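Student: Handing you a structure now.
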Amino acid sequence: MQKTFISLPLFCALLFADAATILPVEKRTFEQSKFIPDISLILDASYVTRNKTDDEIAHYEIPGVAHGIMGAHAHDGHSHATYNAYNGFNLNYGELVLSSSVDPYFTLDGTFHFSENGVEIEEAYFTSTALPYGLRLRGGKLLSNFGRLNSQHHHYWDFGDMPLVYQAFLGDHGINEKGVQLQWVAPTETYLMFGGEVLQGENEMMFGTASIADPTATDPDAAPLAESADAPALFVAYAKTAVDIGETTVMPGISYARGTSRLDHFEDETPHAFSGMSSLYGADLTVKHYFDSYSFLTWQSEWMMRDMKGTQYAQPDANTTTSVSLRKEQAGYYTQLVYAYNMNWRTGVRYDNIYQNDVTKNGTAQEMENSFERISAMVEYHPSEFSRFRLQYNHNMALYNEDGDRQSVDTIMLQANIAIGAHAAHDF
Amino acid sequence: MQKLLFILLLPAALLAHLNIAVTYPYIGALTRAVGGDHVTTVVLAKGNWDPHFVVPRPSLIAKMRRADALIMNGGQLEIGWLPPLIRRGNNPKVNPSAPTFLNLAQGIELINKPSEVDRANGDIHPAGNPHFHLDPHNIPLLAKQIALFLASIDAEHKSIYEKNLENFNAEWGKNLERWTRVMAPKQGMKVVQFHDNLAYFNKAFGLINIATIEPLPGIPPSPRHTLDVIGKIRAEHPCCILHDVYHSTKTAEYIRDKTGIRVILMPHDIGALESVDSLTALFDYLTKALTDD
């Protein structure tokens, strides 16, 4: 009965209502589709085959430098995987990029990394467009302009994986932080840019601010091993320049980063933690020669040195926490040569080496391995500007197993990188 | 008397000097012609390179940083390389929203606007074919836009820009008459190209493009498509392959060997060939290449 009461007037209303005219998009009064930002989606997938199992790989480390840098590993209760982590098929990510002007003064860019482990805000920042005197301000979450490669997204790299020195010192995402960046381009004939960044300091491999609790403490109010550091805690500065010599461009740059380190790995296989101050020095040089509009040769190299000073904590058994004063002076570089034959084909080789690994505990120098090498070669086929298939071979001699034996890891990967939408042009 | 006045005014003119960045050499030539002594033109792209694939070198950022204004071709021709330079030049004067920014495509009726915007059709330009400066009838329209633009940002020398425009148009009109005359017998002639970058030139002089060597815009030649082009050439007897200077002529030469068709190198901008050092020289060359039998 009730239903009849309700449906009757509805029916009458429909009977006498004028059908609303559906206007073409451009005539709808409040239509805003012209304001939709540029949108693009980038898919990165790969097929990987290695001479080691995934389980073996996950336990390998670069002694004294980094652990868990290949394969998948758990941290803070959720699992991480590096790109191309598993034997077989890998879906590295689907990257959604949104970008548009905000108003006459700012643009906004967002890069969202969708992976099987969830969604990450890879970058989300506003950039000033109206500052005078060659200044530019950027704020939000951003990839630092430290060095050459750090600010480039994965899909723009010449190889499917990060150079060893980046991955070992900074992890897979490099310096990717919340903070602000100020850059200044000098009004000179030659390109000259200076930049500085104030960042939160939350890098998984080198920087951190959170206090480190004593895992053996029974009293929840017990003092932590290390107090939290004042944030923002990471400061980055760099200078970059470029000189053209005919069809060749030479681009040198120097970078410096300094911040507090609170690295808590008490939940790892070998429980440990570090508290101190760390500096990272970088120098990079890229030389690019163009033969014509499509063919070029690039030689790109970066050197990095880190100096970490502080206290290392360890937990030899369930009831004991030990501490030693620790200093790590470690340095490495990569150098790569990429040749683009034409619009379709590219090939390249890369050599990685972490050649310095000076670790001092309580004033005593430790005998550590100090030559971690890897060689890589790749060939790429680009059917068009928007799709790329890359075959890469890595011979990695940098990793050691739990028993301290050097491992030789051979990897072959076939990587597909496909983009749709309004994809922004890349920098030089 | 005029000369004396000019010398007297010279110091003031130097003070008002405008540093104008332009994307392609032809825009540089037009800006110099209209701006005369009151502007310095900095050309970003090289004339002998593919205008779609200009390399955004850091040295160009330094040029953007110091520019008082930016003039671009537009029609998405610069989409692959200019945005990073604007982004990194840190100079509000070269932002697309600034009054010191000029997009020439906005004052031109673009042709070949694709009915369907889909990258399955290659690297298409949604707004239409952006190589409009190769129709000599468009040159006065472009010069006029530049004159209005210069006057809008430097009102003090408005009359000079107008006078320069008038002189330029008078000279151009004479040339245009000559080119129209020599090209008149070529009406209806069929041609083949690598990429349809002479669309406006062909339209201006009634040439008909029957095929492109690249199967779709921005997609390199494929063997199957090359065979199709050879078939078309045998069936329709076009006069020649009009080839740009920046793509490899390998496929064109292969087609020539199979069909006996002529391959003519056609510069697209000032500097594309060494002898092409001005806009007049560019159209002299293009018309001469087609009428020199």
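For the structure tokens, the naming scheme is as follows: chains receive sequential letters (A, B, ...) according to their order of presentation, residues are indexed from 1 within each chain, and ligands are indexed from 1 in presentation order.
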Go through stretch 178-260 of chain A and flag each residue having an atom no more than 12 Å from stretch 51-69 of chain A; for those, report the closest pair of atoms plus their distance in Å to one decimal, using only C-alpha atoms, ordered by chain and rising number, as CSV.

Tutor:
residue,atom,partner,partner_atom,distance
A:Glu204,CA,A:Ala66,CA,10.6
A:Met205,CA,A:Ala66,CA,7.6
A:Met206,CA,A:Ala66,CA,9.9

Student: Find the residues around stretch 151-166 of chain B up to 10 Å (only C-alpha atoms counted), leave out those fewer than 6 positions away in its own chain, and share them as a list in words.

Tutor: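 Counting only C-alpha atoms, the residues come to Ala13, Ala16, His17, Leu18, Leu30, Thr31, Arg32, Ala33, Val34, Gly35, Gly36, Asp37, His38, Asp68, Ala69, Pro99, Thr100, Phe101, Pro140, Ala143, Lys144, Gln145 and Trp172 of chain B.
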
Student: From the options B:Leu85, B:His137, B:Thr41, B:Ala252, which residue's atoms come nearest to A:Asp427, counting only C-alpha atoms?

Tutor: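 Smallest separation from A:Asp427 among the options: B:Leu85.
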
Student: Using only C-alpha atoms, find which residues of chain B lie within 10 Å of chain A and jot them down as a PyMOL selection string.

Tutor: chain B and resi 46+48-67+78-95+97-98+118-119+122-123+218-220+246-248

Student: Which residues are close to A:Gly201, i.e. within 6 Å by only C-alpha atoms, leaving aside same-chain residues fewer than 3 positions away? Reply as a list in words.

Tutor: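 Returned residues: Phe207, Gly208, Ala233 and Leu234 of chain A.
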
Student: Could you tell me how far atom CA of A:Thr347 sits from atom CA of A:Met378, in Å to one decimal place?

Tutor: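 That distance, rounded to one decimal, is 5.6 Å.
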
Student: Could you list, as an NGL selection string, every residue within 9 Å of A:Thr321, counting only C-alpha atoms and ignoring same-chain residues fewer than 3 positions away?

Tutor: :A and (214-216 or 313-318)

Student: Find the residues around B:Ile111 up to 10 Å (only C-alpha atoms counted), leave out those fewer than 2 positions away in its own chain, and share them as a list of chain:residue names.

Tutor: B:Ile108, B:Glu109, B:Lys113, B:Pro114, B:Ala127, B:Gly128, B:Asn129, B:Pro130, B:His131, B:Phe132, B:Ala199, B:Tyr200, B:Lys203

Student: What's the 10 Å shell around A:His113, counting only C-alpha atoms, without same-chain residues fewer than 4 positions away, as a PDB file with N, CA, C and O atoms, in the first residue's frame?

Tutor:
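File written: selection23.pdb
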ATOM      1  N   LEU A  41      49.816   7.146 -17.630  1.00  0.00           N
ATOM      2  CA  LEU A  41      50.012   5.899 -16.897  1.00  0.00           C
ATOM      3  C   LEU A  41      51.187   5.174 -17.531  1.00  0.00           C
ATOM      4  O   LEU A  41      51.236   5.021 -18.753  1.00  0.00           O
ATOM      5  N   ILE A  42      52.126   4.768 -16.685  1.00  0.00           N
ATOM      6  CA  ILE A  42      53.297   4.050 -17.177  1.00  0.00           C
ATOM      7  C   ILE A  42      53.317   2.668 -16.534  1.00  0.00           C
ATOM      8  O   ILE A  42      53.251   2.547 -15.309  1.00  0.00           O
ATOM      9  N   ASN A  92      56.472  -4.492 -11.893  1.00  0.00           N
ATOM     10  CA  ASN A  92      57.195  -3.544 -11.049  1.00  0.00           C
ATOM     11  C   ASN A  92      56.291  -2.429 -10.543  1.00  0.00           C
ATOM     12  O   ASN A  92      56.293  -2.117  -9.369  1.00  0.00           O
ATOM     13  N   TYR A  93      55.535  -1.839 -11.452  1.00  0.00           N
ATOM     14  CA  TYR A  93      54.601  -0.791 -11.026  1.00  0.00           C
ATOM     15  C   TYR A  93      53.718  -0.347 -12.182  1.00  0.00           C
ATOM     16  O   TYR A  93      54.013  -0.574 -13.353  1.00  0.00           O
ATOM     17  N   GLY A  94      52.640   0.289 -11.789  1.00  0.00           N
ATOM     18  CA  GLY A  94      51.878   1.106 -12.701  1.00  0.00           C
ATOM     19  C   GLY A  94      51.993   2.504 -12.117  1.00  0.00           C
ATOM     20  O   GLY A  94      51.633   2.722 -10.963  1.00  0.00           O
ATOM     21  N   GLU A  95      52.548   3.420 -12.868  1.00  0.00           N
ATOM     22  CA  GLU A  95      52.811   4.760 -12.322  1.00  0.00           C
ATOM     23  C   GLU A  95      51.815   5.742 -12.918  1.00  0.00           C
ATOM     24  O   GLU A  95      51.771   5.918 -14.131  1.00  0.00           O
ATOM     25  N   LEU A  96      51.027   6.356 -12.063  1.00  0.00           N
ATOM     26  CA  LEU A  96      50.034   7.324 -12.517  1.00  0.00           C
ATOM     27  C   LEU A  96      50.591   8.725 -12.267  1.00  0.00           C
ATOM     28  O   LEU A  96      50.987   9.045 -11.150  1.00  0.00           O
ATOM     29  N   VAL A  97      50.620   9.531 -13.300  1.00  0.00           N
ATOM     30  CA  VAL A  97      51.188  10.878 -13.173  1.00  0.00           C
ATOM     31  C   VAL A  97      50.116  11.916 -13.503  1.00  0.00           C
ATOM     32  O   VAL A  97      49.465  11.831 -14.544  1.00  0.00           O
ATOM     33  N   GLY A 118      50.716  -2.165  -2.718  1.00  0.00           N
ATOM     34  CA  GLY A 118      49.926  -1.000  -2.337  1.00  0.00           C
ATOM     35  C   GLY A 118      50.254   0.214  -3.190  1.00  0.00           C
ATOM     36  O   GLY A 118      50.893   0.104  -4.238  1.00  0.00           O
ATOM     37  N   VAL A 119      49.814   1.356  -2.719  1.00  0.00           N
ATOM     38  CA  VAL A 119      50.044   2.601  -3.445  1.00  0.00           C
ATOM     39  C   VAL A 119      50.995   3.472  -2.648  1.00  0.00           C
ATOM     40  O   VAL A 119      50.883   3.576  -1.428  1.00  0.00           O
ATOM     41  N   GLU A 120      51.931   4.068  -3.326  1.00  0.00           N
ATOM     42  CA  GLU A 120      52.849   4.984  -2.659  1.00  0.00           C
ATOM     43  C   GLU A 120      52.783   6.326  -3.366  1.00  0.00           C
ATOM     44  O   GLU A 120      52.681   6.373  -4.593  1.00  0.00           O
ATOM     45  N   ILE A 121      52.850   7.394  -2.611  1.00  0.00           N
ATOM     46  CA  ILE A 121      52.996   8.703  -3.252  1.00  0.00           C
ATOM     47  C   ILE A 121      54.477   8.852  -3.538  1.00  0.00           C
ATOM     48  O   ILE A 121      55.264   9.159  -2.655  1.00  0.00           O
ATOM     49  N   GLU A 122      54.850   8.575  -4.756  1.00  0.00           N
ATOM     50  CA  GLU A 122      56.267   8.647  -5.144  1.00  0.00           C
ATOM     51  C   GLU A 122      56.721  10.112  -5.071  1.00  0.00           C
ATOM     52  O   GLU A 122      57.732  10.430  -4.474  1.00  0.00           O
ATOM     53  N   GLU A 123      55.929  10.972  -5.700  1.00  0.00           N
ATOM     54  CA  GLU A 123      56.199  12.411  -5.613  1.00  0.00           C
ATOM     55  C   GLU A 123      54.869  13.151  -5.610  1.00  0.00           C
ATOM     56  O   GLU A 123      53.915  12.718  -6.252  1.00  0.00           O
TER      57      GLU A 123
END

Student: For B:Tyr285, which residue among B:Ile210, B:Trp179, B:Gly188, B:Thr226 is the nearest when counting only C-alpha atoms?

Tutor: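 Checking each of B:Ile210, B:Trp179, B:Gly188, B:Thr226 against B:Tyr285, counting only C-alpha atoms, the winner is B:Trp179.
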